[in-house]
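Chemist: My structure is stored as upload.cif, with mmCIF, C-alpha atoms.
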data_run
loop_
_atom_site.label_atom_id
_atom_site.label_comp_id
_atom_site.auth_asym_id
_atom_site.auth_seq_id
_atom_site.Cartn_x
_atom_site.Cartn_y
_atom_site.Cartn_z
CA MET B 23 -2.16 -40.58 -17.28
CA MET B 24 -1.21 -41.52 -13.72
CA GLN B 25 -3.06 -44.49 -12.28
CA ARG B 26 -5.39 -43.64 -9.41
CA THR B 27 -4.53 -45.16 -6.06
CA VAL B 28 -6.90 -47.09 -3.81
CA ALA B 29 -7.06 -44.03 -1.54
CA ASP B 30 -8.09 -41.87 -4.55
CA LEU B 31 -10.91 -44.28 -5.40
CA LEU B 32 -12.08 -44.36 -1.78
CA ARG B 33 -12.11 -40.55 -1.59
CA GLU B 34 -14.37 -40.53 -4.66
CA GLU B 35 -16.63 -43.13 -3.02
CA TYR B 36 -16.80 -40.96 0.10
CA PHE B 37 -17.96 -38.00 -1.99
CA LEU B 38 -20.75 -40.13 -3.49
CA LEU B 39 -21.80 -41.52 -0.08
CA SER B 40 -21.68 -38.17 1.70
CA PRO B 41 -25.40 -37.27 1.30
CA ASP B 42 -26.42 -40.72 2.61
CA ILE B 43 -24.07 -40.40 5.60
CA LYS B 44 -25.63 -37.06 6.56
CA ARG B 45 -29.18 -38.39 6.16
CA VAL B 46 -28.43 -41.49 8.23
CA LEU B 47 -26.92 -39.45 11.02
CA HIS B 48 -29.86 -37.06 11.01
CA GLN B 49 -32.31 -39.95 11.29
CA LEU B 50 -30.37 -41.78 14.00
CA ARG B 51 -29.91 -38.67 16.09
CA THR B 52 -33.58 -37.71 15.86
CA ASP B 53 -34.73 -41.26 16.70
CA VAL B 54 -32.41 -41.61 19.68
CA GLU B 55 -33.26 -38.17 21.07
CA HIS B 56 -36.95 -39.01 20.73
CA ASN B 57 -36.54 -42.37 22.46
CA LEU B 58 -34.51 -40.89 25.30
CA LEU B 59 -36.66 -37.79 25.80
CA PRO B 60 -38.82 -39.14 28.70
CA LEU B 61 -35.65 -40.22 30.52
CA ALA B 62 -33.84 -36.95 29.78
CA LEU B 63 -36.75 -34.85 31.04
CA GLY B 64 -36.69 -36.71 34.36
CA LEU B 65 -32.99 -36.27 35.11
CA LYS B 66 -31.99 -35.03 38.54
CA HIS B 67 -29.53 -32.19 39.05
CA HIS B 68 -26.39 -34.36 39.00
CA GLU B 69 -27.50 -36.78 36.29
CA ARG B 70 -26.40 -36.43 32.67
CA ILE B 71 -27.33 -37.78 29.26
CA GLN B 72 -25.26 -36.16 26.53
CA ILE B 73 -25.74 -37.06 22.87
CA GLU B 74 -22.92 -36.44 20.39
CA ALA B 75 -23.25 -36.99 16.66
CA ARG B 76 -20.42 -37.13 14.17
CA VAL B 77 -19.85 -37.90 10.52
CA LYS B 78 -16.59 -39.81 10.01
CA GLU B 79 -14.30 -37.56 8.00
CA CYS B 80 -13.00 -38.70 4.64
CA ASP B 81 -9.33 -39.11 5.63
CA SER B 82 -10.34 -40.85 8.82
CA ALA B 83 -12.56 -43.30 6.90
CA VAL B 84 -9.83 -44.12 4.36
CA ASP B 85 -7.34 -44.53 7.18
CA ALA B 86 -9.68 -46.82 9.14
CA LEU B 87 -9.90 -49.10 6.11
CA ARG B 88 -6.12 -49.04 5.68
CA ARG B 89 -5.64 -49.99 9.33
CA ARG B 90 -7.72 -53.13 8.78
CA GLU B 91 -4.87 -54.42 6.65
CA GLU B 92 -2.22 -56.01 8.83
CA SER B 93 0.44 -54.41 6.66
CA ARG B 94 -1.32 -51.01 7.15
CA GLN B 95 -1.20 -50.46 3.40
CA PHE B 96 -3.66 -51.07 0.59
CA ASP B 97 -3.01 -53.75 -1.98
CA GLU B 98 -2.88 -51.45 -5.01
CA GLY B 99 -3.14 -54.47 -7.29
CA ASN B 100 -6.59 -55.30 -5.95
CA PRO B 101 -8.56 -52.04 -5.58
CA GLY B 102 -11.94 -53.79 -5.93
CA LYS B 103 -11.67 -55.37 -2.49
CA TYR B 104 -12.03 -52.04 -0.68
CA THR B 105 -15.23 -50.11 -0.04
CA LEU B 106 -16.09 -47.56 2.61
CA THR B 107 -19.51 -49.19 3.00
CA SER B 108 -17.76 -51.98 4.93
CA LEU B 109 -17.11 -49.50 7.75
CA PRO B 110 -19.72 -49.76 10.51
CA ASP B 111 -19.43 -46.17 11.68
CA LEU B 112 -19.52 -43.68 8.81
CA ALA B 113 -22.34 -42.08 10.79
CA GLY B 114 -21.89 -42.29 14.54
CA LEU B 115 -23.83 -41.32 17.62
CA ARG B 116 -22.41 -41.49 21.13
CA VAL B 117 -24.59 -41.29 24.22
CA LEU B 118 -22.63 -40.38 27.35
CA VAL B 119 -24.40 -41.23 30.58
CA PHE B 120 -23.88 -40.56 34.28
CA PRO B 121 -24.39 -42.21 36.74
CA ASN B 122 -24.55 -45.99 36.21
CA PRO B 123 -28.24 -46.54 37.13
CA LYS B 124 -29.15 -44.13 34.31
CA LEU B 125 -26.75 -46.01 32.03
CA ASP B 126 -28.77 -49.19 32.66
CA LYS B 127 -31.96 -47.37 31.67
CA VAL B 128 -30.39 -45.99 28.47
CA LEU B 129 -29.20 -49.51 27.59
CA GLU B 130 -32.72 -50.88 28.09
CA ILE B 131 -34.04 -48.29 25.64
CA ALA B 132 -31.22 -48.99 23.18
CA HIS B 133 -31.92 -52.75 23.30
CA ALA B 134 -35.63 -52.15 22.83
CA ASN B 135 -35.12 -50.00 19.73
CA TYR B 136 -31.94 -51.37 18.18
CA GLY B 137 -32.08 -54.99 19.31
CA ASP B 138 -31.75 -56.20 15.73
CA TRP B 139 -28.49 -54.27 15.19
CA ILE B 140 -25.17 -56.04 15.58
CA SER B 141 -23.72 -55.70 19.05
CA ASP B 142 -19.99 -55.00 19.19
CA PRO B 143 -19.12 -54.02 22.76
CA VAL B 144 -15.78 -52.52 23.75
CA ILE B 145 -14.10 -55.05 26.05
CA GLY B 146 -11.20 -54.21 28.32
CA GLY B 147 -9.60 -54.77 31.71
CA THR B 148 -8.56 -57.84 33.65
CA PRO B 149 -10.75 -59.84 33.93
CA PRO B 150 -12.26 -58.65 30.64
CA ARG B 151 -15.50 -56.70 30.97
CA VAL B 152 -17.62 -54.36 28.89
CA ARG B 153 -16.33 -50.79 28.95
CA ALA B 154 -18.89 -49.44 26.49
CA TRP B 155 -21.75 -50.72 24.34
CA LYS B 156 -21.72 -50.37 20.57
CA TYR B 157 -24.33 -51.38 18.00
CA HIS B 158 -24.27 -50.96 14.27
CA GLY B 159 -26.91 -51.37 11.62
CA TYR B 160 -28.90 -49.64 8.91
CA CYS B 161 -31.43 -46.83 9.26
CA SER B 162 -34.37 -46.84 6.88
CA THR B 163 -33.05 -43.85 4.97
CA SER B 164 -30.08 -45.70 3.42
CA SER B 165 -29.28 -49.28 2.51
CA LYS B 166 -25.63 -48.42 1.83
CA VAL B 167 -24.36 -46.56 4.88
CA ARG B 168 -24.27 -48.21 8.28
CA ALA B 169 -24.63 -46.22 11.49
CA GLU B 170 -23.10 -46.87 14.87
CA LEU B 171 -24.72 -46.17 18.22
CA GLN B 172 -22.47 -46.09 21.27
CA VAL B 173 -23.61 -45.99 24.89
CA VAL B 174 -20.71 -45.04 27.13
CA PRO B 175 -20.23 -44.23 30.84
CA MET B 176 -19.59 -40.51 30.90
CA LEU B 177 -16.09 -40.41 32.39
CA THR B 178 -14.89 -43.15 30.02
CA GLY B 179 -16.39 -41.30 27.05
CA LEU B 180 -14.78 -38.02 28.02
CA PHE B 181 -11.39 -39.71 28.28
CA TRP B 182 -11.96 -41.26 24.84
CA GLN B 183 -12.24 -37.72 23.51
CA VAL B 184 -8.94 -36.79 25.12
CA GLU B 185 -7.31 -39.92 23.66
CA HIS B 186 -8.83 -39.24 20.25
CA ASP B 187 -7.68 -35.63 20.11
CA ALA B 188 -4.21 -36.51 21.36
CA PHE B 189 -3.51 -39.73 19.49
CA TYR B 190 -5.96 -40.60 16.74
CA LYS B 191 -5.76 -37.63 14.40
CA PRO B 192 -5.35 -39.00 10.87
CA ARG B 193 -2.04 -37.22 10.37
CA ASP B 194 -0.41 -38.83 13.40
CA PRO B 195 0.19 -42.47 12.40
CA LEU B 196 3.17 -42.76 14.75
CA LEU B 197 1.19 -41.72 17.80
CA ARG B 198 -1.66 -43.99 16.83
CA GLY B 199 0.76 -46.89 16.51
CA ALA B 200 2.27 -46.03 19.87
CA VAL B 201 -1.12 -46.07 21.55
CA ASN B 202 -1.78 -49.54 20.16
CA LYS B 203 1.44 -50.92 21.63
CA PRO B 204 0.43 -53.46 24.31
CA MET B 205 2.42 -51.80 27.10
CA VAL B 206 0.70 -48.44 26.42
CA ARG B 207 -2.72 -50.08 26.07
CA GLU B 208 -2.25 -51.80 29.43
CA HIS B 209 -1.64 -48.45 31.11
CA ALA B 210 -4.67 -46.89 29.38
CA GLU B 211 -6.74 -49.74 30.86
CA TYR B 212 -5.63 -48.64 34.35
CA VAL B 213 -7.16 -45.23 33.61
CA TYR B 214 -10.49 -46.85 32.65
CA ASP B 215 -10.37 -49.00 35.80
CA ALA B 216 -9.90 -45.85 37.85
CA PHE B 217 -12.86 -44.14 36.15
CA GLU B 218 -15.08 -47.15 36.79
CA ALA B 219 -14.07 -47.19 40.44
CA LEU B 220 -14.69 -43.44 40.73
CA GLU B 221 -18.17 -43.71 39.18
CA LYS B 222 -18.99 -46.56 41.56
CA VAL B 223 -17.86 -44.65 44.67
CA LEU B 224 -19.70 -41.51 43.54
CA GLU B 225 -22.92 -43.50 43.07
CA GLN B 226 -22.51 -45.13 46.53
CA GLU B 227 -22.03 -41.72 48.15
CA LEU B 228 -25.03 -40.25 46.33
CA GLN B 229 -27.14 -43.21 47.46
CA LYS B 230 -25.96 -42.68 51.04
CA TYR B 231 -26.91 -39.00 50.80
CA ARG B 232 -30.39 -39.89 49.50
CA GLU B 233 -30.94 -42.31 52.39
CA GLN B 234 -29.81 -39.75 54.96
CA ASN B 235 -31.91 -36.98 53.39
CA PRO B 236 -35.18 -38.58 52.30
CA GLY B 237 -37.60 -36.41 50.34
CA MET A 3 1.38 -57.64 33.27
CA THR A 4 -1.18 -58.84 30.74
CA ASP A 5 -0.65 -61.77 28.43
CA LEU A 6 -0.10 -59.43 25.51
CA THR A 7 2.42 -57.32 27.38
CA GLU A 8 4.31 -60.49 28.30
CA LYS A 9 4.46 -61.48 24.62
CA GLU A 10 5.74 -58.00 23.81
CA ALA A 11 8.49 -58.45 26.42
CA LEU A 12 9.35 -61.84 24.91
CA LEU A 13 9.72 -60.33 21.43
CA GLU A 14 11.70 -57.32 22.63
CA SER A 15 14.08 -59.51 24.64
CA ALA A 16 14.78 -61.45 21.43
CA GLY A 17 15.78 -58.25 19.62
CA TYR A 18 12.45 -57.41 17.99
CA ARG A 19 11.46 -53.76 17.64
CA TYR A 20 7.99 -52.32 17.28
CA HIS A 21 7.24 -50.36 14.11
CA PHE A 22 4.83 -47.65 15.29
CA ASP A 23 3.36 -46.86 11.89
CA ARG A 24 2.87 -50.44 10.66
CA MET A 25 2.18 -51.89 14.13
CA ILE A 26 4.56 -54.76 13.47
CA TYR A 27 7.30 -56.36 15.58
CA PHE A 28 10.34 -56.88 13.38
CA ASN A 29 13.90 -58.09 13.63
CA ARG A 30 16.31 -57.04 10.88
CA ALA A 31 18.92 -59.64 11.91
CA THR A 32 16.56 -62.60 11.45
CA ARG A 33 14.40 -60.85 8.81
CA ARG A 34 11.22 -61.90 10.51
CA ALA A 35 8.16 -59.81 11.35
CA PHE A 36 4.99 -60.37 13.37
CA SER A 37 1.84 -58.26 13.04
CA ILE A 38 0.25 -57.13 16.29
CA GLU A 39 -2.88 -59.14 15.38
CA PHE A 40 -0.78 -62.28 14.98
CA VAL A 41 0.86 -61.72 18.36
CA GLU A 42 -2.56 -61.21 19.96
CA ASP A 43 -3.97 -64.43 18.50
CA HIS A 44 -1.06 -66.82 19.06
CA SER A 45 0.42 -68.28 22.24
CA HIS A 46 3.85 -67.58 23.75
CA GLN A 47 4.93 -71.07 22.71
CA GLU A 48 3.90 -70.60 19.07
CA ILE A 49 5.67 -67.25 18.85
CA GLN A 50 8.76 -68.63 20.59
CA GLN A 51 8.83 -71.58 18.20
CA LEU A 52 8.69 -69.29 15.17
CA MET A 53 11.44 -67.10 16.59
CA ASN A 54 13.58 -70.21 17.15
CA ASP A 55 13.44 -71.03 13.45
CA GLY A 56 16.46 -68.82 12.95
CA PRO A 57 17.40 -66.20 10.39
CA ASN A 58 15.85 -66.21 6.95
CA LEU A 59 18.32 -65.81 4.11
CA ASN A 60 15.82 -65.24 1.28
CA GLY A 61 14.02 -62.03 2.18
CA TRP A 62 11.55 -61.32 4.93
CA ILE A 63 9.12 -63.75 6.55
CA PHE A 64 5.88 -62.10 7.63
CA HIS A 65 3.76 -63.78 10.28
CA PHE A 66 0.30 -62.29 9.71
CA ASN A 67 -3.22 -63.59 10.35
CA GLN A 68 -4.30 -62.33 6.92
CA ASP A 69 -2.96 -64.04 3.84
CA LEU A 70 -0.23 -61.72 2.58
CA SER A 71 -0.37 -62.89 -1.02
CA SER A 72 0.48 -59.62 -2.77
CA ASP A 73 4.15 -59.47 -3.79
CA ARG A 74 3.83 -55.73 -4.14
CA VAL A 75 2.71 -55.33 -0.52
CA LYS A 76 5.50 -57.66 0.66
CA ARG A 77 8.06 -55.70 -1.34
CA GLU A 78 6.92 -52.34 0.03
CA LEU A 79 6.82 -53.70 3.58
CA ALA A 80 10.35 -55.06 3.20
CA ILE A 81 11.55 -51.63 2.02
CA THR A 82 9.81 -49.97 4.98
CA LEU A 83 11.40 -52.36 7.48
CA GLY A 84 14.81 -51.98 5.85
CA GLY A 85 17.78 -54.22 6.46
#
Output the structure of this file as structure tokens.

Modeler:
Amino acid sequence: MMQRTVADLLREEYFLLSPDIKRVLHQLRTDVEHNLLPLALGLKHHERIQIEARVKECDSAVDALRRREESRQFDEGNPGKYTLTSLPDLAGLRVLVFPNPKLDKVLEIAHANYGDWISDPVIGGTPPRVRAWKYHGYCSTSSKVRAELQVVPMLTGLFWQVEHDAFYKPRDPLLRGAVNKPMVREHAEYVYDAFEALEKVLEQELQKYREQNPG
Amino acid sequence: MTDLTEKEALLESAGYRYHFDRMIYFNRATRRAFSIEFVEDHSHQEIQQLMNDGPNLNGWIFHFNQDLSSDRVKRELAITLGG
């Protein structure tokens, strides 16, 4: 009989964890929507809070674990060292927010409700600054599967989706490697800088409009 | 240019190529390879010093942050990098 590979064992683990992942995501989504409801109901015409939930797919989870190895391959002689429960984002929720003042309010609510989760912000740019806020921890419905909550400026989050669809599909290891090349990463950072600048200018103009048109 | 991009330029000017799948800088002539994590976490001087060590005659040398203790992984990596 052929020996099962590490990836085979992880796929089996994924199958066993799958009900927990779905339950965790359901709980996190419901909790976050509940916590953000007062804010969401008070949004003005141009303001946005968009909540996106996703279960990490099996291949993507196995691949994420493989990418943690600097050789990008599993040590087949030591299968016991790998488990999908070490991933912080089997269940993930992303909150996209526009404009920045609303982002601050969403972050206040996130801190108030998930302050005991581990903070793992996305840092980028020169000088380095926070591009997006990430927290991971356990929901009460499962002690095995961790969930990740992301709070992201809307334009940055939408570009992440473009990047993800274009580069991070599990079957495109070459593209993914290319995107991680420092020269390419540096240019991607310019895009995020531009989005930040655009959000700032938009907010300044909206503020100006409010001052010129009170009431 | 960021610090990391400068290190990339340093490696590429010394004949290192980037392996897109493994995310490793490697040089078949000197049989030396650096993981992207190692490059991120070490200074120009440290990387330059390691590159100056010259070619390795007994198989590949892998400069990784993680301990690459598995012979099987080393063997498969060497096959992937060729040379």

Chemist: Let me know the residues the PyMOL selection byres ((chain A and resi 76) around 10) catches in the file above, as number ranges by chain.

Modeler: B: 93, 97; A: 61-64, 70-75, 77-82

Chemist: If you apply the PyMOL selection byres ((chain B) within 6 of (chain A)) to this file, what residues do you get, as a PyMOL selection string?

Modeler: chain B and resi 94+195-196+199-200+204-205

Chemist: Quick one: residues within 7 Å of range 175-186 of chain B, all atoms listed in the file, excluding same-chain residues fewer than 5 positions away - as a list in words?

Modeler: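 Counting only the stated atoms, we get Leu118, Val119, Phe120, Leu125, Ala154, Lys191, Tyr214 and Phe217 of chain B.
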
Chemist: As an exercise, work out the distance from CA of Tyr157 in chain B to CA of Ser141 in chain B in Å and give it to one decimal place.

Modeler: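 Between CA of Tyr157 in chain B and CA of Ser141 in chain B the gap is 4.5 Å.
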
Chemist: For Thr105 in chain B, which residue among B:His158, B:Arg70, B:Arg90, B:Lys203 is the nearest when counting only C-alpha atoms?

Modeler: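 Using only C-alpha atoms, Thr105 in chain B sits closest to B:Arg90.
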
Chemist: Any idea what the distance is between CA of Leu65 in chain B and CA of Glu225 in chain B?

Modeler: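 Distance between the two atoms: 14.7 Å.
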
Chemist: Taking the file as shown, what set of residues would the PyMOL selection byres ((chain A and resi 57) around 8) give back, as a PyMOL selection string?

Modeler: chain A and resi 31-34+55-56+58-59

Chemist: When you look at Gly17 in chain A with a cut-off of 10 Å (counting all atoms listed in the file), what residues show up, excluding the ones that are within fewer than 2 positions of it in the same chain? I need them as JSON, numbers by chain.

Modeler: {"A": [11, 12, 13, 14, 15, 19, 27, 28, 29, 30, 31, 32]}

Chemist: Keeping only C-alpha atoms, take the residues you just selected and write them out as a PDB file, in the coordinates of the input.

Modeler:
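Saved result, result-v3.pdb, follows:
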ATOM      1  CA  ALA A  11       8.490 -58.450  26.420  1.00  0.00           C
ATOM      2  CA  LEU A  12       9.350 -61.840  24.910  1.00  0.00           C
ATOM      3  CA  LEU A  13       9.720 -60.330  21.430  1.00  0.00           C
ATOM      4  CA  GLU A  14      11.700 -57.320  22.630  1.00  0.00           C
ATOM      5  CA  SER A  15      14.080 -59.510  24.640  1.00  0.00           C
ATOM      6  CA  ARG A  19      11.460 -53.760  17.640  1.00  0.00           C
ATOM      7  CA  TYR A  27       7.300 -56.360  15.580  1.00  0.00           C
ATOM      8  CA  PHE A  28      10.340 -56.880  13.380  1.00  0.00           C
ATOM      9  CA  ASN A  29      13.900 -58.090  13.630  1.00  0.00           C
ATOM     10  CA  ARG A  30      16.310 -57.040  10.880  1.00  0.00           C
ATOM     11  CA  ALA A  31      18.920 -59.640  11.910  1.00  0.00           C
ATOM     12  CA  THR A  32      16.560 -62.600  11.450  1.00  0.00           C
TER      13      THR A  32
END

Chemist: Which of these residues is nearest to Val117 in chain B, using only C-alpha atoms: B:Glu130, B:Asp42, B:Glu55, B:Asp81?

Modeler: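 Among the listed residues, B:Glu55 lies closest to Val117 in chain B.
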
Chemist: How far is it from CA of Tyr212 in chain B to CA of Gly147 in chain B, in Å with one decimal?

Modeler: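 Atom-to-atom, CA of Tyr212 in chain B and CA of Gly147 in chain B are spaced 7.8 Å apart.
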